Structure formats: C-alpha cells, structure tokens
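This is protein10.cif (mmCIF, C-alpha atoms).
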data_upload
loop_
_atom_site.label_atom_id
_atom_site.label_comp_id
_atom_site.auth_asym_id
_atom_site.auth_seq_id
_atom_site.Cartn_x
_atom_site.Cartn_y
_atom_site.Cartn_z
CA MET A 1 0.00 0.00 0.00
CA ARG A 2 1.30 3.41 -0.91
CA GLN A 3 2.11 6.14 1.56
CA ARG A 4 -0.27 9.03 1.80
CA ASP A 5 0.46 12.68 2.47
CA ALA A 6 -0.77 13.28 6.05
CA ARG A 7 -2.19 16.68 5.14
CA THR A 8 -3.80 16.20 1.74
CA HIS A 9 -4.33 12.41 1.81
CA LEU A 10 -2.83 12.28 -1.69
CA GLU A 11 -0.69 9.23 -2.50
CA LEU A 12 3.06 9.81 -2.39
CA LEU A 13 5.16 8.59 -5.33
CA ASP A 14 8.69 7.33 -4.80
CA ARG A 15 11.72 8.79 -6.57
CA ASP A 16 11.84 6.08 -9.28
CA GLU A 17 8.15 6.57 -10.11
CA CYS A 18 8.75 10.33 -10.29
CA LEU A 19 11.65 9.91 -12.73
CA ILE A 20 9.59 7.59 -14.98
CA LEU A 21 6.76 10.15 -15.05
CA LEU A 22 9.20 13.03 -15.79
CA ASN A 23 10.66 11.03 -18.68
CA GLY A 24 7.26 10.74 -20.31
CA ARG A 25 6.63 14.50 -20.57
CA HIS A 26 8.22 17.34 -22.49
CA VAL A 27 6.75 20.48 -20.92
CA GLY A 28 7.03 21.54 -17.29
CA ARG A 29 7.00 24.71 -15.23
CA LEU A 30 10.10 26.30 -13.76
CA ALA A 31 9.78 28.71 -10.82
CA VAL A 32 12.60 31.13 -10.06
CA VAL A 33 12.84 33.96 -7.53
CA HIS A 34 13.61 37.46 -8.78
CA GLY A 35 13.65 40.40 -6.38
CA GLY A 36 12.01 38.26 -3.70
CA ALA A 37 9.04 37.35 -5.92
CA PRO A 38 8.44 33.98 -7.57
CA MET A 39 7.87 33.69 -11.33
CA ILE A 40 6.70 30.61 -13.22
CA TYR A 41 7.84 29.82 -16.78
CA PRO A 42 6.50 26.95 -18.86
CA VAL A 43 9.57 25.28 -20.39
CA ASN A 44 10.43 22.38 -22.62
CA PHE A 45 12.83 20.01 -20.92
CA SER A 46 14.66 16.74 -21.27
CA VAL A 47 15.78 14.29 -18.59
CA ALA A 48 19.04 12.34 -18.39
CA GLY A 49 19.38 10.29 -15.22
CA ASP A 50 18.00 12.57 -12.52
CA GLN A 51 19.16 15.78 -14.20
CA ILE A 52 16.76 18.01 -16.05
CA THR A 53 17.89 20.33 -18.84
CA PHE A 54 16.20 23.40 -20.30
CA ARG A 55 17.12 26.09 -22.76
CA SER A 56 16.67 29.83 -22.49
CA ASP A 57 18.14 33.00 -23.89
CA PRO A 58 20.78 35.33 -22.41
CA GLY A 59 19.40 38.04 -20.16
CA THR A 60 16.30 36.21 -19.01
CA LYS A 61 15.19 35.79 -15.42
CA ILE A 62 15.95 32.09 -15.78
CA GLU A 63 19.57 32.97 -16.49
CA ALA A 64 19.54 35.34 -13.51
CA ALA A 65 18.56 32.37 -11.32
CA LEU A 66 21.85 30.54 -11.92
CA ARG A 67 23.19 28.98 -8.73
CA SER A 68 19.93 29.96 -6.95
CA PRO A 69 17.25 27.64 -5.59
CA VAL A 70 14.60 26.82 -8.20
CA CYS A 71 11.54 24.59 -8.35
CA PHE A 72 10.36 22.59 -11.34
CA GLU A 73 6.95 20.98 -11.63
CA VAL A 74 5.54 18.52 -14.17
CA ASP A 75 2.05 17.11 -14.00
CA HIS A 76 -0.73 15.38 -15.80
CA LEU A 77 -4.01 16.49 -14.26
CA ASP A 78 -7.22 15.45 -15.95
CA GLU A 79 -10.03 17.81 -15.06
CA ALA A 80 -12.77 15.47 -16.31
CA SER A 81 -11.78 12.44 -14.21
CA ARG A 82 -10.24 14.51 -11.37
CA CYS A 83 -7.19 12.32 -11.32
CA GLY A 84 -3.56 12.61 -12.23
CA TRP A 85 -0.14 13.25 -10.76
CA SER A 86 2.34 16.02 -10.04
CA VAL A 87 6.11 15.72 -9.63
CA VAL A 88 8.10 18.55 -8.03
CA VAL A 89 11.90 18.85 -8.25
CA THR A 90 13.81 21.38 -6.18
CA GLY A 91 17.49 22.18 -6.61
CA ARG A 92 19.87 24.66 -8.18
CA LEU A 93 20.43 25.72 -11.77
CA GLU A 94 23.82 25.55 -13.44
CA THR A 95 24.92 26.12 -17.01
CA ALA A 96 25.12 22.99 -19.13
CA PRO A 97 27.12 23.81 -22.27
CA ASP A 98 27.49 20.06 -22.95
CA ALA A 99 23.76 19.30 -22.59
CA PRO A 100 21.98 17.47 -25.40
CA PRO A 101 19.54 19.61 -27.43
CA VAL A 102 16.07 20.25 -25.99
CA ASP A 103 13.25 20.25 -28.53
CA SER A 104 11.74 23.68 -27.87
CA TRP A 105 8.31 24.95 -28.94
CA ALA A 106 9.59 28.51 -28.63
CA GLY A 107 12.32 28.39 -31.27
CA ASP A 108 16.06 28.11 -31.04
CA LEU A 109 17.12 29.12 -27.52
CA GLN A 110 20.83 29.67 -26.99
CA ARG A 111 21.68 28.77 -23.42
CA ALA A 112 21.40 25.35 -21.80
CA PHE A 113 20.79 24.92 -18.08
CA ARG A 114 20.76 21.88 -15.85
CA LEU A 115 18.71 21.52 -12.69
CA VAL A 116 20.81 19.61 -10.17
CA PRO A 117 18.12 18.18 -7.88
CA ASP A 118 18.25 18.07 -4.13
CA ARG A 119 14.71 16.73 -3.75
CA ILE A 120 12.27 14.93 -6.07
CA THR A 121 8.76 14.35 -4.76
CA GLY A 122 5.51 13.32 -6.36
CA ARG A 123 1.85 12.88 -5.50
CA SER A 124 -0.98 11.20 -7.29
CA VAL A 125 -4.70 11.84 -7.15
CA GLY A 126 -7.22 9.17 -8.08
CA PRO A 127 -6.57 5.85 -9.80
CA SER A 128 -4.68 7.08 -12.88
CA THR A 129 -1.08 6.07 -12.10
CA MET B 130 -2.74 40.79 -35.82
CA ARG B 131 -1.70 39.73 -32.35
CA GLN B 132 1.39 41.00 -30.59
CA ARG B 133 4.29 38.62 -30.27
CA ASP B 134 6.78 38.28 -27.45
CA ALA B 135 10.02 39.74 -28.84
CA ARG B 136 12.13 37.02 -27.21
CA THR B 137 10.16 33.84 -27.69
CA HIS B 138 7.97 34.86 -30.68
CA LEU B 139 4.98 33.45 -28.80
CA GLU B 140 1.68 35.32 -29.27
CA LEU B 141 0.69 37.58 -26.38
CA LEU B 142 -2.85 37.30 -25.01
CA ASP B 143 -4.65 40.35 -23.65
CA ARG B 144 -6.07 40.54 -20.12
CA ASP B 145 -9.64 39.70 -21.18
CA GLU B 146 -8.50 36.63 -23.10
CA CYS B 147 -6.47 35.56 -20.05
CA LEU B 148 -9.49 35.86 -17.74
CA ILE B 149 -11.67 33.82 -20.12
CA LEU B 150 -9.02 31.08 -20.23
CA LEU B 151 -8.63 31.10 -16.42
CA ASN B 152 -12.38 30.75 -16.03
CA GLY B 153 -12.36 27.57 -18.11
CA ARG B 154 -9.93 25.67 -15.87
CA HIS B 155 -10.04 24.36 -12.30
CA VAL B 156 -6.42 23.39 -11.56
CA GLY B 157 -3.41 25.70 -11.60
CA ARG B 158 -0.01 25.98 -9.98
CA LEU B 159 0.79 28.41 -7.20
CA ALA B 160 4.43 29.39 -6.55
CA VAL B 161 5.40 30.84 -3.18
CA VAL B 162 8.81 31.76 -1.75
CA HIS B 163 9.91 30.17 1.52
CA GLY B 164 13.37 30.81 2.94
CA GLY B 165 14.44 32.36 -0.36
CA ALA B 166 13.49 29.26 -2.38
CA PRO B 167 10.46 28.93 -4.67
CA MET B 168 7.99 26.06 -4.26
CA ILE B 169 5.19 25.11 -6.66
CA TYR B 170 1.87 23.65 -5.49
CA PRO B 171 -0.85 22.37 -7.81
CA VAL B 172 -4.09 23.87 -6.50
CA ASN B 173 -7.78 23.89 -7.31
CA PHE B 174 -9.04 27.42 -7.79
CA SER B 175 -12.04 29.49 -8.73
CA VAL B 176 -12.23 32.90 -10.38
CA ALA B 177 -14.56 35.79 -9.57
CA GLY B 178 -13.84 38.90 -11.62
CA ASP B 179 -10.07 39.08 -11.69
CA GLN B 180 -9.61 37.55 -8.25
CA ILE B 181 -8.53 33.96 -7.83
CA THR B 182 -9.37 31.95 -4.71
CA PHE B 183 -7.77 28.78 -3.36
CA ARG B 184 -8.06 26.73 -0.21
CA SER B 185 -5.33 25.33 1.97
CA ASP B 186 -4.83 24.17 5.54
CA PRO B 187 -3.37 26.04 8.53
CA GLY B 188 0.39 25.77 8.85
CA THR B 189 1.18 25.23 5.20
CA LYS B 190 3.76 27.16 3.21
CA ILE B 191 0.89 28.69 1.27
CA GLU B 192 -0.43 30.19 4.50
CA ALA B 193 3.12 31.38 5.31
CA ALA B 194 3.07 33.33 2.02
CA LEU B 195 0.24 35.63 3.15
CA ARG B 196 0.90 39.22 2.09
CA SER B 197 3.96 38.05 0.12
CA PRO B 198 4.42 38.09 -3.65
CA VAL B 199 3.16 34.90 -5.30
CA CYS B 200 2.82 33.66 -8.86
CA PHE B 201 -0.02 31.54 -10.23
CA GLU B 202 0.06 29.75 -13.57
CA VAL B 203 -2.66 27.96 -15.52
CA ASP B 204 -2.09 26.37 -18.89
CA HIS B 205 -3.36 23.98 -21.47
CA LEU B 206 -0.38 22.59 -23.33
CA ASP B 207 -0.95 19.74 -25.76
CA GLU B 208 2.24 17.74 -26.24
CA ALA B 209 0.95 15.97 -29.38
CA SER B 210 0.07 19.10 -31.37
CA ARG B 211 2.71 21.31 -29.66
CA CYS B 212 0.18 24.04 -29.14
CA GLY B 213 -1.62 25.61 -26.24
CA TRP B 214 -1.53 28.56 -23.90
CA SER B 215 -0.25 29.67 -20.51
CA VAL B 216 -1.60 32.45 -18.28
CA VAL B 217 0.51 33.83 -15.42
CA VAL B 218 -0.91 35.97 -12.60
CA THR B 219 1.37 37.70 -10.12
CA GLY B 220 0.20 39.46 -7.00
CA ARG B 221 -0.20 39.02 -3.26
CA LEU B 222 -2.16 36.54 -1.18
CA GLU B 223 -4.68 37.58 1.42
CA THR B 224 -7.15 35.62 3.52
CA ALA B 225 -10.65 35.39 2.07
CA PRO B 226 -13.01 34.20 4.80
CA ASP B 227 -15.96 35.29 2.65
CA ALA B 228 -14.80 33.45 -0.49
CA PRO B 229 -17.17 31.02 -2.20
CA PRO B 230 -16.24 27.33 -1.82
CA VAL B 231 -13.55 25.90 -4.08
CA ASP B 232 -14.19 22.37 -5.31
CA SER B 233 -10.98 20.66 -4.14
CA TRP B 234 -9.61 17.29 -5.28
CA ALA B 235 -7.61 17.07 -2.06
CA GLY B 236 -10.50 17.02 0.41
CA ASP B 237 -11.94 19.65 2.66
CA LEU B 238 -9.33 22.40 3.13
CA GLN B 239 -10.05 24.91 5.88
CA ARG B 240 -8.54 28.24 4.88
CA ALA B 241 -9.51 30.35 1.88
CA PHE B 242 -7.06 32.69 0.19
CA ARG B 243 -7.48 35.27 -2.51
CA LEU B 244 -4.79 36.29 -4.99
CA VAL B 245 -5.09 40.03 -5.57
CA PRO B 246 -3.44 40.38 -8.97
CA ASP B 247 -1.03 43.10 -9.98
CA ARG B 248 -0.28 41.59 -13.38
CA ILE B 249 -2.05 39.08 -15.63
CA THR B 250 -0.19 37.96 -18.75
CA GLY B 251 -0.68 35.17 -21.24
CA ARG B 252 1.01 33.59 -24.21
CA SER B 253 -0.19 31.14 -26.80
CA VAL B 254 1.75 28.66 -28.91
CA GLY B 255 0.39 27.34 -32.20
CA PRO B 256 -3.12 27.73 -33.61
CA SER B 257 -5.13 26.40 -30.64
CA THR B 258 -6.64 29.55 -29.18
#

Go ahead and express the file in the form of structure tokens.
Amino acid sequence: MRQRDARTHLELLDRDECLILLNGRHVGRLAVVHGGAPMIYPVNFSVAGDQITFRSDPGTKIEAALRSPVCFEVDHLDEASRCGWSVVVTGRLETAPDAPPVDSWAGDLQRAFRLVPDRITGRSVGPST
Amino acid sequence: MRQRDARTHLELLDRDECLILLNGRHVGRLAVVHGGAPMIYPVNFSVAGDQITFRSDPGTKIEAALRSPVCFEVDHLDEASRCGWSVVVTGRLETAPDAPPVDSWAGDLQRAFRLVPDRITGRSVGPST
C-alpha cells in the first residue's frame, strides 16, 4: 500500500516513479525567484538520469537564477476524471554547455541549463497512475 | 494581428483573453517563496472577476506566504500538437473568509485565500486559441 500525504491524503510517489513520469513528458514549469518574488515559466525540458535540462536566452530571469534555488513541476491532471499526478523537483540551476539539445516549442534558444536536484517528490490523485 | 513576445515569438494574449481562459480551468499551480526558495503547489481554484481563490490548511507554506508576492500559472499545453496557452498571474495573497467554496480534489481544506493580482499575462503557442 502506498504512503499518503498526512495533510492532503494524496498518494506519495517514490523517486523512481517520479523519474519515470518526468521522462514521459516534455513540458514543465520552472519557478525562479527574482527580487524576492516567484515567477513561473512553462519550459520544454529533457531528462538524463536525474538531471533536467532546459534552454533559455541570455538576459532572461531564468539565467539570472543561476546557482539559486529553483523549483520545477511537471504534472498530468485530468479535469474530467479529477485524477492525475504532479512531480516537483527542487534544486539549483547551473549552465550545461554540454547538454543534449532540448526540442523547444519557442524556437532556437541559446543557453542550456541543468537543474541539479536536491529533492524529487511526487503525489498522485485518483486511480490514474 | 496579435502581438508577439520579442524574445520567444509566442503570441501575447490580452487581459480579457487571459481571464476567459482562467475561467475555463479548475487546476493551476501556485508558486510561493519560503526561505528564499520557490515552491510550486498544484491547486484547485475558482475565479470571480479578476480575483482567484484557493483553499489550503493552517500551517502550510501557502499560508506562510500571506501578504507576500506569489505567482499563479494555468495552462493547457498539448504535447501531441505542440500548441496551447499559458496564463501567469502575479500578486499578493490575502485571507478570504468570505470566499465562495472551491471544489478541491484534495479534500476539505479549511482556509480560503485570494490572490489580488497586480499583473495578468498570457502567451499562446500554435493555432489552438
């Protein structure tokens, strides 16, 4: 039987389950802090091992978040059936000049970044996983 | 012809379009800052006018973010067709004891919060909007 979050009663996913779910998606949401305020950016990403890579352009707030704590979230939440899952990765961003290309919906972005995770957690709602 | 984001070339949505899109969804992602680090929480929400209400429980990081800058994102991103949209609302959280109920997937949450927006922006990718 799976563990449940004591507060929300949602099922907790283990790290391996989280990595499998991350590998099956191509769009997530990156949150960075700028001037004390959080900002969320939808981003294309790819996963190699437990490291997540993105691309962005010079001068963006994502680039300004280098070496700072960030949070990355990927989910599949079906509003009709009210079930799905969410995986959250926290860690720090670093440049990744050797990263493989990321297939981006927003054109050719110049800079590659890697999220080095310190924590990967996931929760599921309903019977979908 | 719609405006395009100079950096990403994504189409910009105006505030009214953003509010219509927000009204059509029930799950979004709230980012708060705690100890200098961002954290993303999937949340059920409802919209009245331009104000967005959520529910949470006492003692959570969401409650700790009261009167602090937060960011809320809602999207519909279709990985197969590579099109969709994302709306981002930034502002501050305040308690909302008079808020209407929010239909929550995570059970009966005690505290209601309102996001008082200072900025509502949206972008679309592809022909879906």

>> What's around Asp145 (chain B) at 12 Å? Count only C-alpha atoms, leave out sequence neighbours fewer than 2 positions away in its own chain, and write the answer as a PyMOL selection string.
In response: chain B and resi 141-143+147-152+178-179+216+249-251

>> At a cut-off of 8 Å, which residues of chain B touch chain A? Count all atoms listed in the file and give the answer as a ChimeraX atom specification.
In response: /B:136-139,154-156,160-162,165-169,171,186,197-202,206,208,211,215,217,219,234-236,254

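A straight line drawn from CA of His205 (chain B) to CA of Asp247 (chain B) is 22.4 Å long.
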
Chain A onto chain B, all Cα, least squares, as a CSV table (one decimal) with C-alpha atoms, in the coordinates of the input:
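The result, written out as result.csv:
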chain,number,residue,atom,x,y,z
A,1,MET,CA,-2.7,40.7,-35.8
A,2,ARG,CA,-1.7,39.7,-32.4
A,3,GLN,CA,1.4,41.0,-30.6
A,4,ARG,CA,4.3,38.6,-30.3
A,5,ASP,CA,6.8,38.3,-27.4
A,6,ALA,CA,10.0,39.7,-28.8
A,7,ARG,CA,12.1,37.0,-27.2
A,8,THR,CA,10.1,33.8,-27.7
A,9,HIS,CA,8.0,34.9,-30.7
A,10,LEU,CA,5.0,33.5,-28.8
A,11,GLU,CA,1.7,35.3,-29.3
A,12,LEU,CA,0.7,37.6,-26.4
A,13,LEU,CA,-2.9,37.3,-25.0
A,14,ASP,CA,-4.6,40.4,-23.6
A,15,ARG,CA,-6.1,40.5,-20.1
A,16,ASP,CA,-9.7,39.7,-21.2
A,17,GLU,CA,-8.5,36.6,-23.1
A,18,CYS,CA,-6.5,35.6,-20.1
A,19,LEU,CA,-9.5,35.9,-17.7
A,20,ILE,CA,-11.7,33.8,-20.1
A,21,LEU,CA,-9.0,31.1,-20.2
A,22,LEU,CA,-8.6,31.1,-16.4
A,23,ASN,CA,-12.4,30.7,-16.0
A,24,GLY,CA,-12.4,27.6,-18.1
A,25,ARG,CA,-9.9,25.7,-15.9
A,26,HIS,CA,-10.0,24.3,-12.3
A,27,VAL,CA,-6.4,23.4,-11.6
A,28,GLY,CA,-3.4,25.7,-11.6
A,29,ARG,CA,0.0,26.0,-10.0
A,30,LEU,CA,0.8,28.4,-7.2
A,31,ALA,CA,4.4,29.4,-6.5
A,32,VAL,CA,5.4,30.9,-3.2
A,33,VAL,CA,8.8,31.8,-1.7
A,34,HIS,CA,9.9,30.1,1.5
A,35,GLY,CA,13.4,30.8,2.9
A,36,GLY,CA,14.4,32.4,-0.4
A,37,ALA,CA,13.5,29.3,-2.4
A,38,PRO,CA,10.5,28.9,-4.7
A,39,MET,CA,8.0,26.1,-4.3
A,40,ILE,CA,5.2,25.1,-6.7
A,41,TYR,CA,1.9,23.7,-5.5
A,42,PRO,CA,-0.8,22.4,-7.8
A,43,VAL,CA,-4.1,23.9,-6.5
A,44,ASN,CA,-7.8,23.9,-7.3
A,45,PHE,CA,-9.0,27.4,-7.8
A,46,SER,CA,-12.0,29.5,-8.7
A,47,VAL,CA,-12.2,32.9,-10.4
A,48,ALA,CA,-14.6,35.8,-9.6
A,49,GLY,CA,-13.9,38.9,-11.6
A,50,ASP,CA,-10.1,39.1,-11.7
A,51,GLN,CA,-9.6,37.5,-8.2
A,52,ILE,CA,-8.5,34.0,-7.8
A,53,THR,CA,-9.4,31.9,-4.7
A,54,PHE,CA,-7.8,28.8,-3.4
A,55,ARG,CA,-8.1,26.7,-0.2
A,56,SER,CA,-5.3,25.3,2.0
A,57,ASP,CA,-4.8,24.2,5.5
A,58,PRO,CA,-3.4,26.0,8.5
A,59,GLY,CA,0.4,25.8,8.9
A,60,THR,CA,1.2,25.2,5.2
A,61,LYS,CA,3.8,27.2,3.2
A,62,ILE,CA,0.9,28.7,1.3
A,63,GLU,CA,-0.4,30.2,4.5
A,64,ALA,CA,3.1,31.4,5.3
A,65,ALA,CA,3.1,33.3,2.0
A,66,LEU,CA,0.2,35.6,3.1
A,67,ARG,CA,0.9,39.2,2.1
A,68,SER,CA,4.0,38.0,0.1
A,69,PRO,CA,4.4,38.1,-3.7
A,70,VAL,CA,3.2,34.9,-5.3
A,71,CYS,CA,2.8,33.7,-8.9
A,72,PHE,CA,0.0,31.5,-10.2
A,73,GLU,CA,0.1,29.8,-13.6
A,74,VAL,CA,-2.7,28.0,-15.5
A,75,ASP,CA,-2.1,26.4,-18.9
A,76,HIS,CA,-3.4,24.0,-21.5
A,77,LEU,CA,-0.4,22.6,-23.3
A,78,ASP,CA,-0.9,19.7,-25.8
A,79,GLU,CA,2.2,17.7,-26.3
A,80,ALA,CA,0.9,16.0,-29.4
A,81,SER,CA,0.1,19.1,-31.4
A,82,ARG,CA,2.7,21.3,-29.7
A,83,CYS,CA,0.2,24.0,-29.1
A,84,GLY,CA,-1.6,25.6,-26.3
A,85,TRP,CA,-1.5,28.6,-23.9
A,86,SER,CA,-0.2,29.7,-20.5
A,87,VAL,CA,-1.6,32.4,-18.3
A,88,VAL,CA,0.5,33.8,-15.4
A,89,VAL,CA,-0.9,36.0,-12.6
A,90,THR,CA,1.4,37.7,-10.1
A,91,GLY,CA,0.2,39.5,-7.0
A,92,ARG,CA,-0.2,39.0,-3.3
A,93,LEU,CA,-2.2,36.5,-1.2
A,94,GLU,CA,-4.7,37.6,1.4
A,95,THR,CA,-7.1,35.6,3.5
A,96,ALA,CA,-10.6,35.4,2.1
A,97,PRO,CA,-13.0,34.2,4.8
A,98,ASP,CA,-16.0,35.3,2.7
A,99,ALA,CA,-14.8,33.4,-0.5
A,100,PRO,CA,-17.2,31.0,-2.2
A,101,PRO,CA,-16.2,27.3,-1.8
A,102,VAL,CA,-13.5,25.9,-4.1
A,103,ASP,CA,-14.2,22.4,-5.3
A,104,SER,CA,-11.0,20.6,-4.1
A,105,TRP,CA,-9.6,17.3,-5.3
A,106,ALA,CA,-7.6,17.1,-2.0
A,107,GLY,CA,-10.5,17.0,0.4
A,108,ASP,CA,-12.0,19.6,2.7
A,109,LEU,CA,-9.3,22.4,3.1
A,110,GLN,CA,-10.1,24.9,5.9
A,111,ARG,CA,-8.5,28.2,4.9
A,112,ALA,CA,-9.5,30.4,1.9
A,113,PHE,CA,-7.1,32.7,0.2
A,114,ARG,CA,-7.5,35.3,-2.5
A,115,LEU,CA,-4.8,36.3,-5.0
A,116,VAL,CA,-5.1,40.0,-5.6
A,117,PRO,CA,-3.4,40.4,-9.0
A,118,ASP,CA,-1.0,43.1,-10.0
A,119,ARG,CA,-0.3,41.6,-13.4
A,120,ILE,CA,-2.0,39.1,-15.6
A,121,THR,CA,-0.2,38.0,-18.8
A,122,GLY,CA,-0.7,35.2,-21.2
A,123,ARG,CA,1.0,33.6,-24.2
A,124,SER,CA,-0.2,31.1,-26.8
A,125,VAL,CA,1.7,28.7,-28.9
A,126,GLY,CA,0.4,27.4,-32.2
A,127,PRO,CA,-3.1,27.8,-33.6
A,128,SER,CA,-5.1,26.4,-30.6
A,129,THR,CA,-6.6,29.6,-29.1

> Quick one: residues within 12 Å of Val102 (chain A), all atoms listed in the file counted, chain neighbours fewer than 4 positions away excluded, as number ranges by chain?
Replying inline: A: 26-27, 43-48, 52-56, 96, 98, 106-114

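From CA of Ile191 (chain B) back to CA of Pro246 (chain B), the distance works out to 16.1 Å.
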
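You will find CA of Ala194 (chain B) at 17.8 Å from CA of Arg248 (chain B).
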
Where's the centre, and what are the edge lengths in Å to one decimal, of a box along x, y and z enclosing all listed atoms of region 224-239 of chain B padded 5 Å per side, as JSON?
{"center_x": -12.2, "center_y": 26.3, "center_z": 0.3, "size_x": 20.0, "size_y": 28.6, "size_z": 21.2}
